[in-house]
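Report on the following structure.
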Amino acid sequence: MIVATELGLLYAVMALGVYLTFRILDFPDLTVDGSFTTGAACAAMLITGGINPFLATAAGFGAGLLAGIVTGVLHTKGNINGLLAGILTQIGLYSINLRIMDGANAPLLRKVTAMSPLRDNGLSGTWVSVGVFAAFAILATFIIVWFLRTDLGLAMQATGENEVMARSFGIATDRQKILGLALSNGLVGLAGAIVAQYQGFADISMGVGLIIAGLASVIIGQALFGNRTVVIAAFAVVLGSVLYRIAIQVAMDLGLDPNDMKLMSAALVVLALVPPQTRLIARLKGLRTPPKPVGPHGTLTTQDYVDDIDDIEVAANTGRRL
């Protein structure tokens with residue numbers, strides 16, 4: 001269970017990247033499957049070449065950043081559908097990753113990595129390493145929350161909520177999309193670099209189907225813990241990533257064939273999406289939410305409109321999602 005928790009915390013950085021595109025930008029980005037491997041490949045090859053592992057990890061972030069920019073430019077400047085732009089970048093990255101690693105696999109045996117201090121002191125696979133990874137995930141979450149509360153972050157949220165309205169207020173929505181995709185894939189590349197050092201190698205197939213794991217972390221976490229504010233939503237993604245890995249570990253312990261792991265991931269996403277839409281769950285949610293008062297003719301009162309305007313102003317100042 002400790003290993004599952006460690007993996008959940010490491011993959012939480014990737015899930016935060018998926019959260020930026022899936023929830024904030026409302027963009028179907030499939031670049032993730034390629035940029036994760038790109039980050040891992042860059043870090044592995046730089047470490048093999050004698051570069052400091054922390055600089056190599058930062059290079060993984062930069063490689064993912066560039067991949068996101070390519071997808072963003074293809075979509076905004078090339079007028080290519082967002083889904084197709086992500087697929088094109090992902091396919092292109094497959095060949096680039098093979099070039100970077102000069103093959104399908106790049107081992108890190110006997111190399112000094114960012115994980116070496118934990119392994120050399122016998123702390124890997126203990127609650128100490130869990131604490132270190134949790135601190136890293138929490139730091140990444142706070143940085144994302146801080147960014148989303150800046151003017152730039154609020155403009156990105158507005159772009160995702162209503163692109164036409166955001167453009168009418170003078171927001172450069174194309175730039176916001178490129179920036180969001182760059183940050184998202186930068187986080188994914190960073191996660192790839194760290195996971196490669198954790199498992200001791202980078203492999204061309206390590207990113208295949210990863211978007212499902214990211215979506216599962218976002219959907220499961222926010223279904224269980226909510227997304228009322230940016231802070232809650234971001235931390236729910238981290239907890240969702242941990243729960244997802246624990247669920248996978250439990251399924252494996254119960255005898256599930258490792259070849260069925262992708263099917264298990266897809267089933268978890270379906271379970272997180274479908275039940276909340278059933279009549280019973282919707283009725284229970286309705287019971288918890290008191291109805292708004294209406295005017296004498298069944299219409300909203302003036303006070304309702306005033307309250308709604310106040311809610312919008314508070315959301316703009318605090319970063320809370322409406």
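By order of appearance in the structure tokens: chains A, B, ..., then residues from 1 within every chain, and ligands from 1 in the order shown.
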Would you kindly return, as JSON, numbers by chain, each protein, DNA or RNA residue with an atom no farther than 10 Å from any atom of A:Gln249, considering only C-alpha atoms and excluding same-chain residues fewer than 4 positions away? {"A": [1, 3, 4, 5, 243, 244, 245, 253, 254, 256, 261]}
Can you pull out every residue within 10 Å of A:Met206, counting only C-alpha atoms, but drop anything in the same chain fewer than 5 positions away, and send it as a list in words?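 My reading of the contact set: Asp33, Gly34, Phe36, Thr37, Ala40, Asn105, Gly192, Val195, Ala196 and Phe201 of chain A.
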Residues from the last selection, all heavy atoms, saved as a PDB file, in the first residue's frame:
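out.pdb was written with the following content:
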```pdb
ATOM      1  N   ASP A  33      -0.106  11.752 -23.315  1.00  0.00           N
ATOM      2  CA  ASP A  33       0.512  10.438 -23.510  1.00  0.00           C
ATOM      3  C   ASP A  33       1.923  10.548 -24.080  1.00  0.00           C
ATOM      4  O   ASP A  33       2.777   9.703 -23.810  1.00  0.00           O
ATOM      5  CB  ASP A  33      -0.353   9.593 -24.455  1.00  0.00           C
ATOM      6  CG  ASP A  33      -1.601   9.077 -23.758  1.00  0.00           C
ATOM      7  OD1 ASP A  33      -1.917   9.588 -22.681  1.00  0.00           O
ATOM      8  OD2 ASP A  33      -2.256   8.174 -24.305  1.00  0.00           O
ATOM      9  N   GLY A  34       2.165  11.586 -24.885  1.00  0.00           N
ATOM     10  CA  GLY A  34       3.496  11.757 -25.470  1.00  0.00           C
ATOM     11  C   GLY A  34       4.412  12.602 -24.609  1.00  0.00           C
ATOM     12  O   GLY A  34       5.598  12.281 -24.447  1.00  0.00           O
ATOM     13  N   PHE A  36       4.489  13.014 -21.402  1.00  0.00           N
ATOM     14  CA  PHE A  36       4.960  12.311 -20.204  1.00  0.00           C
ATOM     15  C   PHE A  36       6.245  11.539 -20.528  1.00  0.00           C
ATOM     16  O   PHE A  36       7.241  11.621 -19.790  1.00  0.00           O
ATOM     17  CB  PHE A  36       3.874  11.346 -19.714  1.00  0.00           C
ATOM     18  CG  PHE A  36       4.203  10.645 -18.427  1.00  0.00           C
ATOM     19  CD1 PHE A  36       3.999  11.262 -17.208  1.00  0.00           C
ATOM     20  CD2 PHE A  36       4.720   9.359 -18.434  1.00  0.00           C
ATOM     21  CE1 PHE A  36       4.303  10.621 -16.020  1.00  0.00           C
ATOM     22  CE2 PHE A  36       5.025   8.700 -17.259  1.00  0.00           C
ATOM     23  CZ  PHE A  36       4.809   9.331 -16.042  1.00  0.00           C
ATOM     24  N   THR A  37       6.231  10.815 -21.648  1.00  0.00           N
ATOM     25  CA  THR A  37       7.419  10.063 -22.048  1.00  0.00           C
ATOM     26  C   THR A  37       8.552  10.998 -22.447  1.00  0.00           C
ATOM     27  O   THR A  37       9.723  10.697 -22.197  1.00  0.00           O
ATOM     28  CB  THR A  37       7.065   9.125 -23.216  1.00  0.00           C
ATOM     29  OG1 THR A  37       5.922   8.355 -22.876  1.00  0.00           O
ATOM     30  CG2 THR A  37       8.206   8.190 -23.529  1.00  0.00           C
ATOM     31  N   ALA A  40      10.295  12.063 -19.369  1.00  0.00           N
ATOM     32  CA  ALA A  40      11.072  10.948 -18.824  1.00  0.00           C
ATOM     33  C   ALA A  40      12.323  10.698 -19.652  1.00  0.00           C
ATOM     34  O   ALA A  40      13.418  10.479 -19.102  1.00  0.00           O
ATOM     35  CB  ALA A  40      10.196   9.693 -18.798  1.00  0.00           C
ATOM     36  N   ASN A 105      14.174   2.153 -24.860  1.00  0.00           N
ATOM     37  CA  ASN A 105      14.347   2.120 -23.399  1.00  0.00           C
ATOM     38  C   ASN A 105      15.657   2.796 -23.015  1.00  0.00           C
ATOM     39  O   ASN A 105      16.647   2.694 -23.728  1.00  0.00           O
ATOM     40  CB  ASN A 105      14.357   0.652 -22.926  1.00  0.00           C
ATOM     41  CG  ASN A 105      14.289   0.549 -21.425  1.00  0.00           C
ATOM     42  OD1 ASN A 105      15.295   0.738 -20.754  1.00  0.00           O
ATOM     43  ND2 ASN A 105      13.112   0.274 -20.902  1.00  0.00           N
ATOM     44  N   GLY A 192       6.794  12.837 -15.578  1.00  0.00           N
ATOM     45  CA  GLY A 192       7.482  11.776 -16.312  1.00  0.00           C
ATOM     46  C   GLY A 192       8.941  11.666 -15.897  1.00  0.00           C
ATOM     47  O   GLY A 192       9.466  10.560 -15.718  1.00  0.00           O
ATOM     48  N   VAL A 195       9.012  10.072 -12.348  1.00  0.00           N
ATOM     49  CA  VAL A 195       8.636   8.647 -12.358  1.00  0.00           C
ATOM     50  C   VAL A 195       9.744   7.801 -12.978  1.00  0.00           C
ATOM     51  O   VAL A 195      10.022   6.690 -12.517  1.00  0.00           O
ATOM     52  CB  VAL A 195       7.300   8.464 -13.116  1.00  0.00           C
ATOM     53  CG1 VAL A 195       7.014   6.982 -13.350  1.00  0.00           C
ATOM     54  CG2 VAL A 195       6.155   9.094 -12.339  1.00  0.00           C
ATOM     55  N   ALA A 196      10.399   8.310 -14.026  1.00  0.00           N
ATOM     56  CA  ALA A 196      11.506   7.566 -14.643  1.00  0.00           C
ATOM     57  C   ALA A 196      12.618   7.321 -13.627  1.00  0.00           C
ATOM     58  O   ALA A 196      13.195   6.223 -13.577  1.00  0.00           O
ATOM     59  CB  ALA A 196      12.041   8.344 -15.840  1.00  0.00           C
ATOM     60  N   PHE A 201      14.176   3.674 -15.006  1.00  0.00           N
ATOM     61  CA  PHE A 201      14.308   3.637 -16.463  1.00  0.00           C
ATOM     62  C   PHE A 201      13.204   4.477 -17.105  1.00  0.00           C
ATOM     63  O   PHE A 201      12.180   4.767 -16.477  1.00  0.00           O
ATOM     64  CB  PHE A 201      14.220   2.190 -16.987  1.00  0.00           C
ATOM     65  CG  PHE A 201      12.877   1.549 -16.752  1.00  0.00           C
ATOM     66  CD1 PHE A 201      11.846   1.654 -17.674  1.00  0.00           C
ATOM     67  CD2 PHE A 201      12.633   0.841 -15.577  1.00  0.00           C
ATOM     68  CE1 PHE A 201      10.614   1.058 -17.451  1.00  0.00           C
ATOM     69  CE2 PHE A 201      11.400   0.255 -15.337  1.00  0.00           C
ATOM     70  CZ  PHE A 201      10.392   0.352 -16.280  1.00  0.00           C
TER      71      PHE A 201
END
```
Give the strand (DSSP E or B) residues of stretch 29-222 of chain A, as DSSP finds them on the backbone, and put them as a list in words.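 The strand (DSSP E or B) residues within stretch 29-222 of chain A come out as Asn105, Ala106, Pro107, Phe201, Ala202 and Asp203 of chain A.
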So that I have them on file, write out the residues from the current selection with all heavy atoms, as a PDB file, in the first residue's frame.
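Output contents, as saved in again_32.pdb:
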```pdb
ATOM      1  N   ASN A 105      14.174   2.153 -24.860  1.00  0.00           N
ATOM      2  CA  ASN A 105      14.347   2.120 -23.399  1.00  0.00           C
ATOM      3  C   ASN A 105      15.657   2.796 -23.015  1.00  0.00           C
ATOM      4  O   ASN A 105      16.647   2.694 -23.728  1.00  0.00           O
ATOM      5  CB  ASN A 105      14.357   0.652 -22.926  1.00  0.00           C
ATOM      6  CG  ASN A 105      14.289   0.549 -21.425  1.00  0.00           C
ATOM      7  OD1 ASN A 105      15.295   0.738 -20.754  1.00  0.00           O
ATOM      8  ND2 ASN A 105      13.112   0.274 -20.902  1.00  0.00           N
ATOM      9  N   ALA A 106      15.633   3.518 -21.891  1.00  0.00           N
ATOM     10  CA  ALA A 106      16.846   4.179 -21.387  1.00  0.00           C
ATOM     11  C   ALA A 106      16.984   3.831 -19.905  1.00  0.00           C
ATOM     12  O   ALA A 106      16.312   4.422 -19.054  1.00  0.00           O
ATOM     13  CB  ALA A 106      16.756   5.685 -21.576  1.00  0.00           C
ATOM     14  N   PRO A 107      17.840   2.857 -19.542  1.00  0.00           N
ATOM     15  CA  PRO A 107      17.997   2.449 -18.137  1.00  0.00           C
ATOM     16  C   PRO A 107      18.806   3.470 -17.337  1.00  0.00           C
ATOM     17  O   PRO A 107      19.643   4.197 -17.883  1.00  0.00           O
ATOM     18  CB  PRO A 107      18.750   1.122 -18.246  1.00  0.00           C
ATOM     19  CG  PRO A 107      19.484   1.209 -19.537  1.00  0.00           C
ATOM     20  CD  PRO A 107      18.654   2.040 -20.461  1.00  0.00           C
ATOM     21  N   PHE A 201      14.176   3.674 -15.006  1.00  0.00           N
ATOM     22  CA  PHE A 201      14.308   3.637 -16.463  1.00  0.00           C
ATOM     23  C   PHE A 201      13.204   4.477 -17.105  1.00  0.00           C
ATOM     24  O   PHE A 201      12.180   4.767 -16.477  1.00  0.00           O
ATOM     25  CB  PHE A 201      14.220   2.190 -16.987  1.00  0.00           C
ATOM     26  CG  PHE A 201      12.877   1.549 -16.752  1.00  0.00           C
ATOM     27  CD1 PHE A 201      11.846   1.654 -17.674  1.00  0.00           C
ATOM     28  CD2 PHE A 201      12.633   0.841 -15.577  1.00  0.00           C
ATOM     29  CE1 PHE A 201      10.614   1.058 -17.451  1.00  0.00           C
ATOM     30  CE2 PHE A 201      11.400   0.255 -15.337  1.00  0.00           C
ATOM     31  CZ  PHE A 201      10.392   0.352 -16.280  1.00  0.00           C
ATOM     32  N   ALA A 202      13.468   4.860 -18.345  1.00  0.00           N
ATOM     33  CA  ALA A 202      12.430   5.505 -19.170  1.00  0.00           C
ATOM     34  C   ALA A 202      12.124   4.559 -20.311  1.00  0.00           C
ATOM     35  O   ALA A 202      13.032   3.921 -20.858  1.00  0.00           O
ATOM     36  CB  ALA A 202      12.939   6.848 -19.696  1.00  0.00           C
ATOM     37  N   ASP A 203      10.846   4.466 -20.659  1.00  0.00           N
ATOM     38  CA  ASP A 203      10.438   3.521 -21.702  1.00  0.00           C
ATOM     39  C   ASP A 203       9.466   4.217 -22.645  1.00  0.00           C
ATOM     40  O   ASP A 203       8.689   5.084 -22.215  1.00  0.00           O
ATOM     41  CB  ASP A 203       9.777   2.295 -21.058  1.00  0.00           C
ATOM     42  CG  ASP A 203       9.517   1.205 -22.073  1.00  0.00           C
ATOM     43  OD1 ASP A 203      10.441   0.404 -22.319  1.00  0.00           O
ATOM     44  OD2 ASP A 203       8.407   1.165 -22.639  1.00  0.00           O
TER      45      ASP A 203
END
```
For A:Leu84, find every residue with an atom within 12 Å (counting only C-alpha atoms), except residues of its own chain fewer than 6 positions away, and show them as a VMD selection string. chain A and resid 27 to 31 71 to 72 74 to 75 78 90 to 91
Output file for the selection above: N, CA, C and O atoms, as a PDB file, in the first residue's frame:
```pdb
ATOM      1  N   PHE A  27     -10.382  21.838 -22.354  1.00  0.00           N
ATOM      2  CA  PHE A  27      -9.710  21.492 -23.609  1.00  0.00           C
ATOM      3  C   PHE A  27      -9.380  19.998 -23.584  1.00  0.00           C
ATOM      4  O   PHE A  27      -8.746  19.510 -22.648  1.00  0.00           O
ATOM      5  N   PRO A  28      -9.781  19.251 -24.637  1.00  0.00           N
ATOM      6  CA  PRO A  28      -9.505  17.801 -24.678  1.00  0.00           C
ATOM      7  C   PRO A  28      -8.086  17.536 -25.160  1.00  0.00           C
ATOM      8  O   PRO A  28      -7.855  17.280 -26.341  1.00  0.00           O
ATOM      9  N   ASP A  29      -7.121  17.592 -24.272  1.00  0.00           N
ATOM     10  CA  ASP A  29      -5.713  17.495 -24.661  1.00  0.00           C
ATOM     11  C   ASP A  29      -5.200  16.055 -24.534  1.00  0.00           C
ATOM     12  O   ASP A  29      -5.137  15.509 -23.429  1.00  0.00           O
ATOM     13  N   LEU A  30      -4.831  15.473 -25.665  1.00  0.00           N
ATOM     14  CA  LEU A  30      -4.280  14.115 -25.671  1.00  0.00           C
ATOM     15  C   LEU A  30      -2.758  14.125 -25.829  1.00  0.00           C
ATOM     16  O   LEU A  30      -2.147  13.080 -26.046  1.00  0.00           O
ATOM     17  N   THR A  31      -2.155  15.310 -25.731  1.00  0.00           N
ATOM     18  CA  THR A  31      -0.691  15.400 -25.808  1.00  0.00           C
ATOM     19  C   THR A  31      -0.033  14.666 -24.653  1.00  0.00           C
ATOM     20  O   THR A  31       1.126  14.243 -24.750  1.00  0.00           O
ATOM     21  N   THR A  71       1.071  21.996 -29.359  1.00  0.00           N
ATOM     22  CA  THR A  71      -0.369  21.708 -29.449  1.00  0.00           C
ATOM     23  C   THR A  71      -1.187  23.003 -29.458  1.00  0.00           C
ATOM     24  O   THR A  71      -2.135  23.148 -30.244  1.00  0.00           O
ATOM     25  N   GLY A  72      -0.804  23.939 -28.595  1.00  0.00           N
ATOM     26  CA  GLY A  72      -1.527  25.209 -28.527  1.00  0.00           C
ATOM     27  C   GLY A  72      -1.434  26.001 -29.819  1.00  0.00           C
ATOM     28  O   GLY A  72      -2.444  26.567 -30.294  1.00  0.00           O
ATOM     29  N   LEU A  74      -0.794  24.760 -32.849  1.00  0.00           N
ATOM     30  CA  LEU A  74      -1.548  24.039 -33.889  1.00  0.00           C
ATOM     31  C   LEU A  74      -3.037  24.356 -33.800  1.00  0.00           C
ATOM     32  O   LEU A  74      -3.710  24.529 -34.821  1.00  0.00           O
ATOM     33  N   HIS A  75      -3.539  24.443 -32.558  1.00  0.00           N
ATOM     34  CA  HIS A  75      -4.980  24.684 -32.370  1.00  0.00           C
ATOM     35  C   HIS A  75      -5.369  26.141 -32.626  1.00  0.00           C
ATOM     36  O   HIS A  75      -6.341  26.396 -33.348  1.00  0.00           O
ATOM     37  N   GLY A  78      -3.158  27.390 -36.202  1.00  0.00           N
ATOM     38  CA  GLY A  78      -3.403  26.534 -37.360  1.00  0.00           C
ATOM     39  C   GLY A  78      -4.865  26.173 -37.532  1.00  0.00           C
ATOM     40  O   GLY A  78      -5.223  25.480 -38.482  1.00  0.00           O
ATOM     41  N   GLN A  90       1.005  14.204 -30.119  1.00  0.00           N
ATOM     42  CA  GLN A  90       1.321  12.934 -29.453  1.00  0.00           C
ATOM     43  C   GLN A  90       2.001  11.965 -30.416  1.00  0.00           C
ATOM     44  O   GLN A  90       3.005  11.330 -30.062  1.00  0.00           O
ATOM     45  N   ILE A  91       1.481  11.864 -31.630  1.00  0.00           N
ATOM     46  CA  ILE A  91       2.077  10.949 -32.620  1.00  0.00           C
ATOM     47  C   ILE A  91       3.489  11.411 -32.984  1.00  0.00           C
ATOM     48  O   ILE A  91       4.423  10.607 -33.084  1.00  0.00           O
TER      49      ILE A  91
END
```
Residues near A:Ala213, anyone? I mean within 10 Å using only C-alpha atoms, not counting same-chain ones fewer than 4 positions away, as a PyMOL selection string. chain A and resi 11-12+14-15+18+209+217-219+241+244-245+262+265-266+268-269
I need the residues from that last selection saved to file as an mmCIF file, in the first residue's frame (with C-alpha atoms), if you can.
```cif
data_model
loop_
_atom_site.group_PDB
_atom_site.id
_atom_site.type_symbol
_atom_site.label_atom_id
_atom_site.label_comp_id
_atom_site.auth_asym_id
_atom_site.auth_seq_id
_atom_site.Cartn_x
_atom_site.Cartn_y
_atom_site.Cartn_z
ATOM 1 C CA TYR A 11 1.437 10.898 -10.569
ATOM 2 C CA ALA A 12 -0.535 13.651 -8.807
ATOM 3 C CA MET A 14 0.591 14.754 -13.873
ATOM 4 C CA ALA A 15 -3.032 14.813 -12.720
ATOM 5 C CA VAL A 18 -4.661 17.265 -16.725
ATOM 6 C CA GLY A 209 -3.107 5.492 -21.938
ATOM 7 C CA SER A 217 -7.673 11.118 -10.734
ATOM 8 C CA VAL A 218 -9.474 14.388 -11.508
ATOM 9 C CA ILE A 219 -12.964 12.887 -11.745
ATOM 10 C CA SER A 241 -4.567 10.316 -7.747
ATOM 11 C CA TYR A 244 -6.799 5.748 -7.958
ATOM 12 C CA ARG A 245 -3.417 4.072 -7.389
ATOM 13 C CA LYS A 262 -6.207 -0.277 -18.612
ATOM 14 C CA SER A 265 -8.801 2.386 -15.292
ATOM 15 C CA ALA A 266 -11.571 2.926 -17.840
ATOM 16 C CA LEU A 268 -13.132 3.500 -12.638
ATOM 17 C CA VAL A 269 -13.705 6.604 -14.785
#
```
Name the residues of stretch 104-143 of chain A that fall into alpha helix (DSSP H) according to DSSP on the backbone, using the chain letters and numbers of this document, as a PDB file with C-alpha atoms, in the first residue's frame.
```
ATOM      1  CA  SER A 116      19.326   8.217  -4.705  1.00  0.00           C
ATOM      2  CA  PRO A 117      19.291   9.934  -1.253  1.00  0.00           C
ATOM      3  CA  LEU A 118      16.166   7.973  -0.287  1.00  0.00           C
ATOM      4  CA  ARG A 119      17.435   4.658  -1.674  1.00  0.00           C
ATOM      5  CA  ASP A 120      20.972   4.970  -0.315  1.00  0.00           C
ATOM      6  CA  TRP A 127       6.490   6.467   5.282  1.00  0.00           C
ATOM      7  CA  VAL A 128       9.458   8.853   5.152  1.00  0.00           C
ATOM      8  CA  SER A 129       9.488   8.698   1.357  1.00  0.00           C
ATOM      9  CA  VAL A 130       5.696   9.072   1.371  1.00  0.00           C
ATOM     10  CA  GLY A 131       6.131  12.257   3.414  1.00  0.00           C
ATOM     11  CA  VAL A 132       8.765  13.594   0.995  1.00  0.00           C
ATOM     12  CA  PHE A 133       6.563  12.892  -2.039  1.00  0.00           C
ATOM     13  CA  ALA A 134       3.516  14.349  -0.251  1.00  0.00           C
ATOM     14  CA  ALA A 135       5.445  17.560   0.465  1.00  0.00           C
ATOM     15  CA  PHE A 136       6.396  17.782  -3.205  1.00  0.00           C
ATOM     16  CA  ALA A 137       2.786  17.228  -4.350  1.00  0.00           C
ATOM     17  CA  ILE A 138       1.462  19.802  -1.855  1.00  0.00           C
ATOM     18  CA  LEU A 139       4.057  22.355  -3.010  1.00  0.00           C
ATOM     19  CA  ALA A 140       3.041  21.810  -6.652  1.00  0.00           C
ATOM     20  CA  THR A 141      -0.631  22.177  -5.673  1.00  0.00           C
ATOM     21  CA  PHE A 142      -0.038  25.441  -3.828  1.00  0.00           C
ATOM     22  CA  ILE A 143       1.847  26.834  -6.845  1.00  0.00           C
TER      23      ILE A 143
END
```
Non-local contacts of stretch 47-57 of chain A (9 Å; only C-alpha atoms; under 5 positions in same chain excluded) as number ranges by chain: A: 39-40, 42, 62, 106-108, 111-114, 189-194, 197
Which residue gives the smallest distance to A:Ile96 among A:Gly68, A:Gly186, A:Ser35, A:Asp26, with only C-alpha atoms counted? A:Ser35
In Å, rounded to a single decimal, give me how far atom CA of A:Gly86 is from atom CA of A:Ala182.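 Going from atom CA of A:Ala182 over to atom CA of A:Gly86, I get 12.0 Å.
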Just want the 10 Å neighbourhood of A:Leu179, counted on only C-alpha atoms, with same-chain residues fewer than 3 positions away dropped. Output as a PyMOL selection string. chain A and resi 65+68-69+72+152-153+156+173-176+182-184
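A straight line drawn from atom CA of A:Thr21 to atom CA of A:Ile178 is 10.5 Å long.
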Could you state the separation of atom CA of A:Gly160 and atom CA of A:Thr76 in Å, given to one decimal place? 14.1 Å
